[in-house]
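Note sheet for the following structure.
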Amino acid sequence: MVKRMKTDKKKRPIAVSVIAVAIVMLFLIRLYQVYEPLFLNNFFRGGITGPFFTGWHLTALGGTLLSTATYLVLSLAGIFVLIGFLRLRRWSWGLLMAWAGVSLLISLVDYFYSHPNYVVMASNVIIAFALNITDVQRIYGIRRDDGSPL
Amino acid sequence: MALPSDRPSVPFTTSDLDLLRKFEPVACYTRGEQFFPTDVEHYVRECSLWEHHPDGHDELLVRQGEVTLEKLVEPRTAEFGSVRFLRFVESLSLAESAQVLTDQVRLRRQLGEYFHAGIGRLARGGILPRLVDGLFSLSFLLRGKVSAATAAAAELDYNGILSEDRKYTYYGRVTRQGGWTILQYWFFFCFNSWRSGFHGVNDHESDWEMITIYLYEQDGQLTPEWAAYASHDFKGDDLRRRWDDHEELKKAEESHPLIFAGAGSHASYFRMGEYQAEVNPPFAGWFSGLLNALNKIWTGALGQQPINPFHIPFVDFARGDGLRIGPGESQTWSPVLIDESTPWVGKYRGMWGLFARDPISGENAPAGPMYNRDGSPRGSWYDPLGFAGLDKVPPPPQMESLLSNNINQVSQRQQELDILVPQKSTELQKEGARQKAMEGNPHMAKQYVALEKGINTLSAEVRALRREQSENTALLQGLNRRLELIRAGDQDNPRAHIHDLAVPDDPTLVLRFDRAAETWAAVSLSLLLFVVASLIFFAPGYLWASLAVILILFVVLESILRGAFVPTVGRVTLILAMISAVILFLHFWKAIIVVALLTMGISLMYHRLRELAG
């Protein structure tokens with residue numbers, strides 16, 4: 001009989017996989033949010049057709065490019081964090097929590113002032129609660145083995 | 001039980017005054033302290049005596065300069081709701097106030113005793129506590145308070161008394177209760193300058209503080225076992241330390257406990273340091289209930305540390321780097337014996353300083369050692385054992401006999417149970433056999449039901465006796481183990497009785513960016529108000545959203561200064577997630593319930609089918 005060798009590898013809780021799936025989903029949504037306004041503004045056909053600013057104010061094109069750039073940064077940051085997260089790095093927990101926090105804040109502001117993206121909001125809620133699970137925090141070195149915070 | 005060799009003891013016949021002197025403390029004050037223990041006789045001579053009537057007017061009973069301890073206790077009738085009080089500093093005009101404030105600055109320059117807060121209290125709390133602190137400061141506009149000029153005048157007057165007769169007094173009381181000999185040391189101060197002098201919670205004229213030492217008698221000797229220090233309005237087990245707990249209870253010359261007094265507050269601490277004294281604002285009942293419910297979800301369901309964002313962190317500076325009074329120090333005590341028969345102790349129930357009409361009492365002067373502010377008896381006087389949670393603790397020499405008595409009593413009961421349990425058990429089995437015999441006989445149905453009732457009662461009785469027997473076995477084991485330990489001279493953990501140990505702030509645990517954090521703490525609240533004003537003016541349509549974003553930015557920035565970025569971000573995100581979850585539920589509650597039911601149904605079906613498949 002072949003005995004399976006015990007490894008020192010930390011066992012990955014299911015919540016980690018849930019979070020990883022949520023990050024990928026968010027990445028795809030954000031990517032769509034990057035693409036959609038550019039497509040609607042015929043950016044791919046006509047290129048940049050006007051100024052970004054009139055005086056101190058952003059033009060419609062400027063606003064579109066700003067929001068597109070923000071979403072691009074968020075989606076790229078998501079991928080960067082995902083790599084660290086799957087490699088069970090401590091910094092990725094903090095960064096992911098901050099990322100979820102910023103994303104939730106944007107969603108909430110959107111909710112009260114325009115149209116929120118409920119899928120993004122729900123994904124971030126799942127990520128935030130999943131990151132708060134004691135086992136997940138323990139595996140990322142946020143809590144001690146007895147469950148107390150470090 | 002042998003006498004502990006490491007403890008000082010005195011013959012049982014020692015006089016009360018000598019007893020007090022043998023164990024009198026060394027009081028260590030913070031540099032910059034303005035008031036020290038003084039004698040009441042000098043103080044009352046500087047006071048006037050007043051009566052506050054329920055209709056709101058104050059009546060002068062005895063003029064300043066004419067009050068004596070004898071006049072203080074002269075019988076005077078008063079209607080219900082009236083308050084008698086002394087007044088150390090008379091009302092000051094604007095010019096007089098300016099004069100005393102200038103004189104105070106001059107006096108401090110002469111004395112050369114300056115207080116520096118260091119990393120002050122504001123930097124130790126977050127932005128929300130700071131906001132609540134601002135409101136607390138504003139509350140003084142509505143509440144009665146002692147003015148800064150009164151505090152300055154009190155300091156000048158006290159220094160006048162001190163220059164006339166430099167002596168430091170304590171009032172000692174010796175009483176005996178429950179096998180303990182109790183030494184109480186009462187300290188009287190002309191003024192509590194915690195708020196005006198040291199950024200604390202309150203100021204009031206006069207201050208009474210107290211520590212107690214508990215001695216037991218063995219072989220004709222009295223030996224100290226516990227010391228309890230009064231600190232603010234706390235009471236119970238947490239106040240006392242065992243004499244052999246050398247880390248907590250420091251001593252000079254083996255028999256003189258060290259007190260580290262809070263600057264201005266004069267609260268007594270066992271260890272030198274700076275203590276966080278948290279004050280919770282008196283919120284309305286429903287709001288406190290809501291906060292408690294949210295905290296339950298926060299700690300229970302979300303597994304977070306309990307938080308109270310609204311507490312106001314005040315620092316009690318008990319640094320012990322100033323004047324020291326007591327044996328072996330440059331300044332020593334002038335002891336005065338008191339008891340219930342001392343006229344000013346037993347007969348004067350009024351306040352020992354200004355009645356500031358503060359509804360939450362923080363700025364009103366305290367009453368004397370025997371009484372509370374409302375004239376009712378003070379617990380620490382009539383029940384000095386219960387005050388420090390010692391009413392349930394026997395003196396050590398009595399412990400062995402009490403344990404033996406307990407063991408005898410429980411053993412005796414066990415012997416009774418050893419006979420009773422088999423007896424009752426046999427009886428129950430007999431009844432059971434009788435009931436069995438009745439089965440299959442329809443004409444005996446009535447008797448069967450009656451017998452069943454009796455059997456149930458007897459069965460419950462046998463179960464209770466067996467439980468008692470089992471519990472007694474465990475109790476006897478515990479009692480015997482304790483007795484063995486005591487006979488072997490083993491002492492248990494001296495801090496086992498403490499639920500919430502007062503610990504000074506760790507001096508090595510400084511903020512990450514000391515000066516930046518301090519500056520930020522000082523300016524952040526004003527900055528926030530400026531930002532709110534700008535938002536109202538420039539972007540009123542986005543006021544609430546911008547305010548929320550800015551508040552979060554402030555909190556995160558502060559967490560970086562404190563070196564607590566990760567936990568703070570975690571907490572903030574969790575709060576945002578909770579709000580978002582509520583919003584999502586309100587919008588999609590039908591879909592959420594349907595999905596939950598479907599998930600439960602699928603899961604249930606999966607498990608049942610697996611069970612079926614074997």
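Letters A, B, ... mark the chains of the structure tokens in the order given; residue numbers begin at 1 per chain; ligand numbers begin at 1, in order shown.
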Shell around segment 61-70 of chain A at 8 Å using only C-alpha atoms, local window under 4 positions removed, as a tab-separated table (two decimals) with N, CA and C atoms, in the first residue's frame:
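Output saved as selection-v4.tsv:
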```
chain	number	residue	atom	x	y	z
A	33	GLN	N	-17.10	46.94	-18.05
A	33	GLN	CA	-17.31	48.36	-17.73
A	33	GLN	C	-16.23	49.24	-18.37
A	34	VAL	N	-15.06	48.67	-18.64
A	34	VAL	CA	-14.00	49.41	-19.34
A	34	VAL	C	-14.37	49.54	-20.82
A	35	TYR	N	-14.87	48.45	-21.35
A	35	TYR	CA	-15.11	48.36	-22.79
A	35	TYR	C	-16.37	49.14	-23.21
A	37	PRO	N	-18.33	51.89	-22.26
A	37	PRO	CA	-18.38	53.33	-22.58
A	37	PRO	C	-17.52	53.69	-23.79
A	38	LEU	N	-16.39	52.99	-23.96
A	38	LEU	CA	-15.53	53.28	-25.11
A	38	LEU	C	-16.24	52.90	-26.40
A	41	ASN	N	-19.01	55.38	-27.20
A	41	ASN	CA	-18.48	56.66	-27.68
A	41	ASN	C	-17.71	56.52	-28.99
A	50	GLY	N	-12.15	64.61	-29.37
A	50	GLY	CA	-12.35	65.92	-28.76
A	50	GLY	C	-11.46	66.11	-27.54
A	51	PRO	N	-11.56	67.30	-26.91
A	51	PRO	CA	-10.72	67.55	-25.72
A	51	PRO	C	-11.27	66.84	-24.47
A	52	PHE	N	-10.42	66.63	-23.46
A	52	PHE	CA	-10.84	66.01	-22.19
A	52	PHE	C	-11.40	67.07	-21.23
A	53	PHE	N	-10.89	68.28	-21.33
A	53	PHE	CA	-11.29	69.35	-20.41
A	53	PHE	C	-11.82	70.56	-21.17
A	74	LEU	N	-8.94	49.07	-11.41
A	74	LEU	CA	-9.57	48.17	-10.45
A	74	LEU	C	-9.49	46.72	-10.92
```
**OP:** Give me, as a count of residues only, the contact residues of chain B against chain A at a cut-off of 6 Å, counting only C-alpha atoms.
**Re:** 5
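All residues of segment 187-253 of chain B that DSSP, run on the backbone, classes as helix (DSSP H, G or I) are Trp194, Arg195, Ser196, Gly197, Phe198, Asp237, Asp238 and Leu239 of chain B.
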Original post:
Counting only C-alpha atoms, what is within 10 Å of segment 230-247 of chain B, bar same-chain residues fewer than 2 positions away, as a PyMOL selection string?
Top reply: chain B and resi 4+6-7+208-215+223-228+249-251+254-255+257+261-262+265-271+277+379-380+385-391+491+493-502
Original post:
What gap, in Å, lies between atom CA of Tyr229 of chain B and atom CA of Tyr348 of chain B?
Top reply: 24.4 Å
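Between atom CA of Ile139 of chain A and atom CA of Arg90 of chain A the interatomic distance comes to 8.5 Å.
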**OP:** Within segment 9-136 of chain A, find each residue whose DSSP state, derived from the backbone, is strand (DSSP E), and express the selection as a ChimeraX atom specification.
**Re:** /A:53-54,57-58
Residues from the last selection, N, CA and C atoms, saved as a PDB file, in the first residue's frame:
```
ATOM      1  N   PHE A  53     -10.889  68.283 -21.332  1.00  0.00           N
ATOM      2  CA  PHE A  53     -11.289  69.352 -20.410  1.00  0.00           C
ATOM      3  C   PHE A  53     -11.818  70.557 -21.171  1.00  0.00           C
ATOM      4  N   THR A  54     -12.816  71.232 -20.589  1.00  0.00           N
ATOM      5  CA  THR A  54     -13.135  72.593 -21.027  1.00  0.00           C
ATOM      6  C   THR A  54     -12.963  73.450 -19.782  1.00  0.00           C
ATOM      7  N   HIS A  57     -13.381  71.932 -16.137  1.00  0.00           N
ATOM      8  CA  HIS A  57     -14.370  70.850 -16.094  1.00  0.00           C
ATOM      9  C   HIS A  57     -14.048  69.756 -17.089  1.00  0.00           C
ATOM     10  N   LEU A  58     -14.375  68.521 -16.728  1.00  0.00           N
ATOM     11  CA  LEU A  58     -14.188  67.386 -17.631  1.00  0.00           C
ATOM     12  C   LEU A  58     -15.271  67.409 -18.696  1.00  0.00           C
TER      13      LEU A  58
END
```
Subject >> Residues near segment 475-489 of chain B, cut-off 8 Å, only C-alpha atoms, skip fewer than 3 positions along chain, as a ChimeraX atom specification >> reply: /B:1-2,400,403-404,406-407,410-411,471-472
Original post:
Can you tell me how far atom CA of Val572 of chain B sits from atom CA of Val531 of chain B, in Å to one decimal?
Top reply: 20.9 Å
Original post:
Using only C-alpha atoms, which residue out of A:Leu28, A:Ile83, A:Ala15, A:Ile48 lies closest to Tyr71 of chain A?
Top reply: A:Leu28
